[in-house]
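Notes for the one structure printed next.
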Amino acid sequence: MSDTNLTVIKKKLLARKRELEDELARLDAERVATDVVQDPVDQAVLSNIEELNISIEKNERDEYFRLLRALEMIDSGAYGICMDCGMPISEKRLQMYPNASRCIACQEAHETV
């Protein structure tokens with residue numbers, strides 16, 4: 001992968017990292033205590049909203065850690081190498097999914113397990 005493409009990918013990763021940090025901070029600040037609401041219907045609605053926020057937060061936190069790992073790999077010079085087979089991940093895949101840690105074949109195998 002060329003240094004130019006690697007620089008572009010690193011910029012994308014850093015921009016997304018900042019977005020996720022902002023979103024995670026917002027979700028944390030919006031936590032609602034469902035036990036202070038007396039109405040059972042309101043409490044159920046708030047509980048559902050909280051469950052949805054927890055799910056969103058988990059997905060975003062998972063993505064955040066994948067981004068951190070990708071940035072570490074760039075810094076160490078190991079970026080773009082499949083964690084399973086050790087072969088290079090296609091540049092096209094990395095441009096579309098910059099935090100990919102597996103080549104397409106290994107990712108498909110991983111998802112079917």
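FYI, nothing fancy with the structure tokens labels: chains A, B, ... in order, residues from 1 per chain, ligands from 1 as they appear.
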A:Asn53 environment, 10 Å, only C-alpha atoms, sequence neighbours closer than 6 positions dropped, as a ChimeraX atom specification:
/A:24,27-28,30-31,47,59
Selected residues, C-alpha atoms, written as a PDB file, in the first residue's frame, please.
```pdb
ATOM      1  CA  LEU A  24     -20.011   7.711  23.291  1.00  0.00           C
ATOM      2  CA  LEU A  27     -24.689   8.508  25.167  1.00  0.00           C
ATOM      3  CA  ASP A  28     -23.003   8.433  28.558  1.00  0.00           C
ATOM      4  CA  GLU A  30     -27.881  10.891  28.371  1.00  0.00           C
ATOM      5  CA  ARG A  31     -28.146   7.918  30.689  1.00  0.00           C
ATOM      6  CA  SER A  47     -36.289   1.112  29.832  1.00  0.00           C
ATOM      7  CA  ASN A  59     -21.619  -1.475  18.838  1.00  0.00           C
TER       8      ASN A  59
END
```
A:Lys92: which residues within 12 Å, counting only C-alpha atoms, same-chain residues fewer than 4 positions away excluded, as a PyMOL selection string?
chain A and resi 1+5-6+9+80+88+96-98+100+103-104
Using only C-alpha atoms, which of A:Glu91, A:Asp84, A:Asp39, A:Ala44 sits nearest A:Ala105?
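Comparing A:Glu91, A:Asp84, A:Asp39, A:Ala44 against A:Ala105, the winner is A:Asp84.
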Can you list, as an NGL selection string, every residue of chain A that DSSP puts in helix (DSSP H, G or I)?
:A and (3-29 or 34-36 or 40-76 or 91-96 or 104-112)
